[in-house]
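Structure file final-v4.txt; described as compact mmCIF, C-alpha atoms and all ligand atoms.
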# COMPACT_ATOMS: atom_id res chain seq x y z
CA MET R 28 65.44 -60.52 -7.51
CA ASP R 29 63.80 -60.69 -4.05
CA SER R 30 60.95 -58.46 -2.88
CA ASP R 31 63.26 -55.89 -1.20
CA HIS R 32 64.89 -55.23 -4.54
CA GLN R 33 63.34 -53.00 -7.14
CA GLN R 34 63.97 -52.87 -10.83
CA ALA R 35 64.43 -49.49 -12.52
CA LYS R 36 62.00 -49.37 -15.45
CA HIS R 37 62.79 -45.89 -16.71
CA VAL R 38 66.37 -44.60 -16.60
CA ALA R 39 67.46 -41.24 -17.99
CA ILE R 40 71.05 -40.19 -18.59
CA ILE R 41 72.65 -36.77 -19.02
CA MET R 42 75.56 -37.83 -21.21
CA ASP R 43 78.13 -35.23 -20.23
CA GLY R 44 81.90 -34.96 -20.56
CA ASN R 45 82.74 -35.59 -24.22
CA GLY R 46 84.69 -32.34 -24.47
CA ARG R 47 86.74 -32.97 -21.33
CA TRP R 48 87.45 -36.53 -22.47
CA ALA R 49 88.93 -35.22 -25.71
CA LYS R 50 90.82 -32.42 -23.97
CA ARG R 51 92.48 -34.84 -21.55
CA LYS R 52 93.70 -36.89 -24.47
CA HIS R 53 94.78 -33.84 -26.49
CA LEU R 54 92.31 -34.81 -29.20
CA PRO R 55 89.85 -32.64 -31.12
CA ARG R 56 86.48 -32.15 -29.42
CA LEU R 57 84.79 -33.94 -32.31
CA MET R 58 86.57 -37.16 -31.34
CA GLY R 59 85.05 -36.88 -27.87
CA HIS R 60 81.60 -36.67 -29.44
CA GLN R 61 82.41 -39.59 -31.78
CA ARG R 62 83.47 -41.74 -28.84
CA GLY R 63 80.33 -40.57 -27.07
CA VAL R 64 78.24 -42.06 -29.87
CA GLU R 65 80.14 -45.33 -29.47
CA ALA R 66 79.26 -45.34 -25.77
CA VAL R 67 75.57 -44.82 -26.67
CA ARG R 68 75.67 -47.71 -29.13
CA LYS R 69 77.16 -50.12 -26.60
CA LEU R 70 74.67 -49.08 -23.95
CA VAL R 71 71.62 -49.42 -26.20
CA ARG R 72 72.77 -52.94 -27.10
CA SER R 73 73.20 -53.95 -23.51
CA VAL R 74 70.03 -52.57 -21.87
CA GLU R 75 68.01 -55.36 -23.47
CA ASP R 76 69.32 -57.66 -20.73
CA MET R 77 68.99 -55.19 -17.86
CA GLY R 78 65.20 -55.15 -17.43
CA ILE R 79 64.84 -51.49 -18.40
CA ASP R 80 61.66 -50.65 -20.36
CA CYS R 81 62.65 -47.12 -21.21
CA LEU R 82 66.03 -45.45 -21.60
CA THR R 83 66.05 -41.68 -22.13
CA LEU R 84 69.24 -40.00 -23.34
CA TYR R 85 69.97 -36.26 -23.30
CA ALA R 86 71.70 -35.74 -26.65
CA PHE R 87 71.22 -32.04 -27.43
CA SER R 88 69.69 -29.37 -25.23
CA SER R 89 67.74 -26.31 -26.26
CA GLU R 90 70.69 -24.35 -24.84
CA ASN R 91 73.35 -26.23 -26.81
CA TRP R 92 72.68 -23.91 -29.79
CA LYS R 93 74.87 -21.44 -27.90
CA ARG R 94 77.94 -23.52 -28.82
CA PRO R 95 80.18 -22.58 -31.77
CA GLU R 96 78.56 -23.24 -35.14
CA ASP R 97 81.21 -25.84 -36.03
CA GLU R 98 80.46 -27.93 -32.99
CA VAL R 99 76.69 -27.74 -33.51
CA GLY R 100 77.24 -28.80 -37.13
CA ASP R 101 79.41 -31.74 -36.04
CA LEU R 102 76.78 -32.87 -33.54
CA MET R 103 74.03 -32.71 -36.16
CA ASP R 104 76.18 -34.72 -38.60
CA LEU R 105 76.81 -37.35 -35.95
CA LEU R 106 73.06 -37.54 -35.37
CA ARG R 107 72.41 -38.05 -39.10
CA LYS R 108 75.02 -40.83 -39.24
CA PHE R 109 73.79 -42.48 -36.05
CA ILE R 110 70.19 -42.77 -37.20
CA LYS R 111 71.25 -44.08 -40.59
CA SER R 112 73.67 -46.70 -39.27
CA ASP R 113 71.72 -47.85 -36.21
CA LEU R 114 68.10 -47.87 -37.40
CA PRO R 115 68.25 -51.49 -38.71
CA GLU R 116 69.59 -52.61 -35.36
CA PHE R 117 66.79 -50.82 -33.49
CA ILE R 118 64.21 -52.56 -35.64
CA ALA R 119 65.90 -55.96 -35.18
CA HIS R 120 66.09 -55.52 -31.40
CA ASP R 121 62.52 -54.43 -30.70
CA VAL R 122 63.48 -50.84 -29.90
CA ARG R 123 60.84 -48.14 -30.23
CA LEU R 124 62.47 -44.81 -30.87
CA LYS R 125 60.92 -41.74 -29.27
CA ILE R 126 62.06 -38.16 -29.49
CA ILE R 127 61.47 -35.68 -26.71
CA GLY R 128 62.07 -31.99 -27.22
CA ASP R 129 61.21 -29.56 -29.99
CA TYR R 130 62.80 -31.71 -32.71
CA LYS R 131 60.67 -30.26 -35.50
CA SER R 132 62.82 -27.15 -35.55
CA LEU R 133 65.96 -29.16 -36.41
CA ALA R 134 67.16 -29.18 -40.05
CA PRO R 135 64.41 -30.49 -42.40
CA ASP R 136 66.47 -33.50 -43.54
CA ILE R 137 67.00 -34.56 -39.92
CA VAL R 138 63.30 -34.13 -39.14
CA ALA R 139 62.46 -36.34 -42.14
CA GLN R 140 65.03 -38.95 -41.08
CA LEU R 141 63.72 -38.95 -37.50
CA GLU R 142 60.09 -39.27 -38.58
CA ASP R 143 60.97 -42.19 -40.81
CA ALA R 144 62.80 -43.84 -37.89
CA LEU R 145 59.84 -43.20 -35.55
CA GLU R 146 57.52 -44.83 -38.07
CA GLN R 147 59.79 -47.80 -38.73
CA THR R 148 60.28 -48.56 -35.04
CA SER R 149 56.70 -47.90 -33.94
CA LYS R 150 56.03 -51.59 -33.19
CA GLY R 151 59.00 -51.97 -30.84
CA SER R 152 58.36 -52.64 -27.17
CA ARG R 153 61.43 -51.17 -25.45
CA ILE R 154 61.58 -47.37 -25.61
CA LEU R 155 64.74 -45.49 -26.50
CA ALA R 156 63.88 -41.83 -26.02
CA VAL R 157 66.37 -39.33 -27.37
CA ALA R 158 66.16 -35.75 -26.13
CA LEU R 159 66.86 -33.41 -29.04
CA ASN R 160 66.55 -29.65 -28.83
CA TYR R 161 65.11 -30.50 -25.43
CA GLY R 162 64.73 -28.14 -22.48
CA SER R 163 62.39 -28.69 -19.54
CA HIS R 164 61.28 -25.07 -19.42
CA ASP R 165 60.27 -25.23 -23.07
CA GLU R 166 58.53 -28.60 -22.54
CA ILE R 167 56.59 -27.39 -19.49
CA VAL R 168 55.55 -24.15 -21.20
CA ARG R 169 54.30 -26.08 -24.25
CA ALA R 170 52.43 -28.52 -21.98
CA ALA R 171 50.94 -25.70 -19.88
CA ASN R 172 49.62 -23.96 -22.99
CA ALA R 173 48.06 -27.19 -24.24
CA ALA R 174 46.58 -27.96 -20.81
CA SER R 175 45.15 -24.47 -20.35
CA ALA R 176 43.20 -24.86 -23.58
CA GLU R 177 41.29 -27.62 -21.73
CA GLY R 178 40.40 -25.49 -18.68
CA ALA R 179 42.05 -24.98 -15.27
CA ILE R 180 45.52 -26.55 -15.20
CA THR R 181 46.04 -29.53 -12.91
CA ALA R 182 49.19 -31.60 -12.40
CA GLU R 183 47.57 -34.60 -14.12
CA GLY R 184 46.26 -32.41 -16.94
CA LEU R 185 49.67 -30.88 -17.55
CA GLU R 186 51.47 -34.19 -17.34
CA LYS R 187 49.36 -35.57 -20.19
CA HIS R 188 50.92 -32.96 -22.47
CA LEU R 189 54.55 -33.45 -21.50
CA ASP R 190 56.80 -35.03 -24.15
CA THR R 191 57.18 -37.99 -21.78
CA ALA R 192 53.41 -38.55 -21.43
CA ASP R 193 53.38 -42.13 -22.73
CA MET R 194 56.54 -43.19 -20.91
CA PRO R 195 56.80 -44.88 -17.50
CA PRO R 196 57.54 -42.62 -14.49
CA LEU R 197 61.22 -41.76 -14.19
CA ASP R 198 62.96 -44.04 -11.68
CA LEU R 199 66.61 -43.10 -11.98
CA LEU R 200 68.47 -40.11 -13.37
CA ILE R 201 72.20 -40.44 -13.99
CA ARG R 202 74.60 -37.66 -14.98
CA THR R 203 78.14 -38.45 -15.99
CA SER R 204 81.23 -36.22 -15.82
CA GLY R 205 80.96 -35.29 -12.15
CA GLU R 206 78.83 -32.16 -12.65
CA VAL R 207 75.98 -32.00 -10.15
CA ARG R 208 73.22 -30.14 -11.98
CA LEU R 209 70.22 -30.91 -14.17
CA SER R 210 70.93 -28.44 -17.00
CA ASN R 211 67.20 -28.07 -17.80
CA PHE R 212 66.60 -31.83 -18.12
CA LEU R 213 63.37 -33.56 -17.00
CA LEU R 214 62.73 -31.07 -14.18
CA TRP R 215 59.09 -32.11 -13.75
CA GLN R 216 59.82 -35.83 -14.13
CA CYS R 217 62.63 -35.73 -11.54
CA ALA R 218 60.20 -34.88 -8.70
CA TYR R 219 60.66 -38.32 -7.11
CA ALA R 220 63.36 -39.84 -9.26
CA GLU R 221 66.47 -41.23 -7.60
CA MET R 222 69.60 -39.46 -8.78
CA SER R 223 73.19 -40.42 -9.31
CA PHE R 224 76.05 -38.18 -10.36
CA VAL R 225 78.87 -40.33 -11.64
CA ASP R 226 82.48 -39.22 -11.88
CA VAL R 227 83.10 -40.83 -15.29
CA LEU R 228 83.29 -38.91 -18.57
CA TRP R 229 80.58 -40.02 -21.00
CA PRO R 230 82.86 -41.75 -23.58
CA ASP R 231 84.21 -43.93 -20.75
CA PHE R 232 80.75 -44.88 -19.43
CA THR R 233 80.16 -48.63 -20.01
CA PRO R 234 77.25 -51.03 -19.56
CA GLU R 235 79.04 -52.21 -16.40
CA HIS R 236 78.79 -48.68 -14.97
CA LEU R 237 75.07 -48.68 -15.71
CA GLN R 238 74.62 -52.10 -14.11
CA ALA R 239 76.35 -50.81 -10.96
CA GLU R 240 73.89 -47.88 -10.88
CA LEU R 241 70.94 -50.27 -11.28
CA ASP R 242 72.28 -52.40 -8.42
CA ASN R 243 72.47 -49.31 -6.18
CA PHE R 244 68.98 -48.28 -7.22
CA ALA R 245 67.62 -51.76 -6.46
CA VAL R 246 68.08 -51.31 -2.70
CA ARG R 247 67.12 -47.64 -2.33
CA GLU R 248 64.09 -46.89 -0.20
CA ARG R 249 61.64 -44.66 -2.05
CA ARG R 250 59.12 -42.90 0.19
CA TYR R 251 57.24 -40.33 -1.88
CA GLY R 252 56.66 -38.28 1.25
CA ALA R 253 55.08 -41.12 3.23
CA ARG R 254 56.68 -43.07 6.05
C1 LIG R 301 78.18 -33.73 -23.73
O1 LIG R 301 79.54 -33.42 -23.67
C2 LIG R 301 77.65 -33.70 -25.14
C3 LIG R 301 76.72 -32.61 -25.42
C4 LIG R 301 76.35 -31.67 -24.60
C5 LIG R 301 76.18 -32.57 -26.76
P1 LIG R 301 80.07 -31.93 -23.61
O2 LIG R 301 80.34 -31.47 -25.00
O3 LIG R 301 79.15 -31.08 -22.83
O4 LIG R 301 81.43 -32.15 -22.84
P2 LIG R 301 82.05 -31.24 -21.70
O5 LIG R 301 81.00 -31.04 -20.67
O6 LIG R 301 82.46 -29.95 -22.35
O7 LIG R 301 83.21 -32.02 -21.21
C1 LIG R 302 73.73 -31.04 -20.82
O1 LIG R 302 75.09 -30.88 -20.85
C2 LIG R 302 73.22 -31.36 -22.20
C3 LIG R 302 73.60 -32.65 -22.74
C4 LIG R 302 74.33 -33.56 -22.14
C5 LIG R 302 73.09 -32.92 -24.05
P1 LIG R 302 75.80 -29.46 -21.03
O2 LIG R 302 77.25 -29.74 -21.07
O3 LIG R 302 75.21 -28.73 -22.18
O4 LIG R 302 75.38 -28.72 -19.69
P2 LIG R 302 76.06 -27.50 -18.93
O5 LIG R 302 76.23 -26.40 -19.94
O6 LIG R 302 77.39 -27.99 -18.43
O7 LIG R 302 75.13 -27.17 -17.82
MG MG R 303 79.02 -30.57 -20.86

What would you get if you wrote out this structure as structure tokens?
Amino acid sequence: MDSDHQQAKHVAIIMDGNGRWAKRKHLPRLMGHQRGVEAVRKLVRSVEDMGIDCLTLYAFSSENWKRPEDEVGDLMDLLRKFIKSDLPEFIAHDVRLKIIGDYKSLAPDIVAQLEDALEQTSKGSRILAVALNYGSHDEIVRAANAASAEGAITAEGLEKHLDTADMPPLDLLIRTSGEVRLSNFLLWQCAYAEMSFVDVLWPDFTPEHLQAELDNFAVRERRYGAR
């Protein structure tokens, strides 16, 4: 990679479009979510070779509780299964799991499973951050309360209390499914992130799609307000 090319270190993805994927195929919504998990698995396996230090995935928002109970239950079951089946692979591949969002208010068995996974992967060097019961407004309010306990709030002071505090700055945000909105994801962290809205439904999103996004990112000029 020459000096005009930059490597994205932290990439975040809003994994959207499972429902529409299933609908187009006349399949139950659950199958869209199942295929969505498959897409996650393939991506996590492939990022090892892409030079990314931190991959953040939006899996369940603080607003997704508004969905029908059945669907929320299905998503939680998929989460349970995913952690159970993929934890050994994370450990073997030097992945450090991180959770962003208010995960402690998920079901107690999931919280226990997640905490065990956090502990078991704590020595890993590549971060896989999963956003669970995550909403930026909630995150910023929690951080602001913690920061105000230390005196007048500053940007640096608040940032230290965000769920992403020990992660590299966000370089690239990708949303699949063609929707062009952030849906309460990483609002603070997106201040100078590059963004890409991809017209592919999440279950169809492959490592090749991600590589194409990284190639586009590599030649973007980032200015941060300077010239
Ligand atoms: C993303 O797919 C998965 C979650 C939000 C959990 P959706 O379920 O939002 O799929 P669409 O947007 O209805 O197609
Ligand atoms: C954002 O997608 C949340 C996740 C991908 C987990 P949604 O499908 O919930 O967002 P909206 O409702 O279309 O904005
Ligand atoms: Mg959606």

As AutoDock Vina command-line options: centre and edge lengths in Å, one decimal, of the axis-aligned box holding ligand LIG 302 (chain R) with 3 Å per side:
--center_x 75.2 --center_y -30.0 --center_z -20.9 --size_x 10.3 --size_y 13.2 --size_z 12.2

Give me the residues of chain R that have any atom at most 9 Å from an atom of ligand MG 303 (chain R); for each, the nearest atom pair and the distance in Å, rounded to one decimal. Use all atoms listed in the file, sort by chain and number, and format it as a tab-separated table.
residue	atom	partner	partner_atom	distance
R:Met42	CA	R:MG303	MG	8.0
R:Asp43	CA	R:MG303	MG	4.8
R:Gly44	CA	R:MG303	MG	5.3
R:Asn45	CA	R:MG303	MG	7.1
R:Gly46	CA	R:MG303	MG	7.0
R:Arg47	CA	R:MG303	MG	8.1
R:Ser204	CA	R:MG303	MG	7.9
R:Glu206	CA	R:MG303	MG	8.4

Worksheet item: Nearest to ligand LIG 302 (chain R) among R:Glu90, R:Asp226, R:Asp76, R:Glu146, with distances taken over all atoms listed in the file: which residue is it?
Response: R:Glu90

Practice prompt. List all protein, DNA and RNA residues that have an atom no more than 9 Å from any atom of ligand LIG 301 (chain R), counting only C-alpha atoms and all ligand atoms, and report them as number ranges by chain.
Written response: R: 41-50, 56-57, 59-60, 63, 85-88, 91, 98-99, 102, 204, 206, 228-230

Response to the item:
One decimal place gives the CA of Leu209 in chain R-CA of Phe224 in chain R separation as 10.1 Å

Worksheet item: What is the CA of Ser163 in chain R-CA of Val64 in chain R distance in Å, reported with one decimal?
Response: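 CA of Val64 in chain R lies at a distance of 23.2 Å from CA of Ser163 in chain R.
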
Item to complete: Choose the residue, out of R:Ala158, R:Ala245, R:Leu82, R:Ala173, that has the smallest atom-to-atom separation from ligand LIG 302 (chain R); count all atoms listed in the file.
Response: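 Looking only at the distances to ligand LIG 302 (chain R), the closest residue turns out to be R:Ala158.
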
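When the distance limit is 6 Å and all atoms listed in the file are what count, the residues near range 114-125 of chain R, minus those fewer than 3 positions from it on the same chain, are Ile110, Lys111, Leu145, Thr148, Ser149, Gly151, Ser152, Arg153, Ile154, Leu155 and Ala156 of chain R.
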
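Nearest to Val157 in chain R of all the residues R:Thr83, R:Thr191, R:Ser132, R:Asn172 is R:Thr83, based on all atoms listed in the file.
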
Practice prompt. Can you work out which one of R:Tyr161, R:Trp215, R:Phe244, R:Phe109 has the shortest atom-to-atom distance to ligand LIG 302 (chain R), counting only C-alpha atoms and all ligand atoms?
Written response: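 With only C-alpha atoms and all ligand atoms as the atom set, the closest residue is R:Tyr161.
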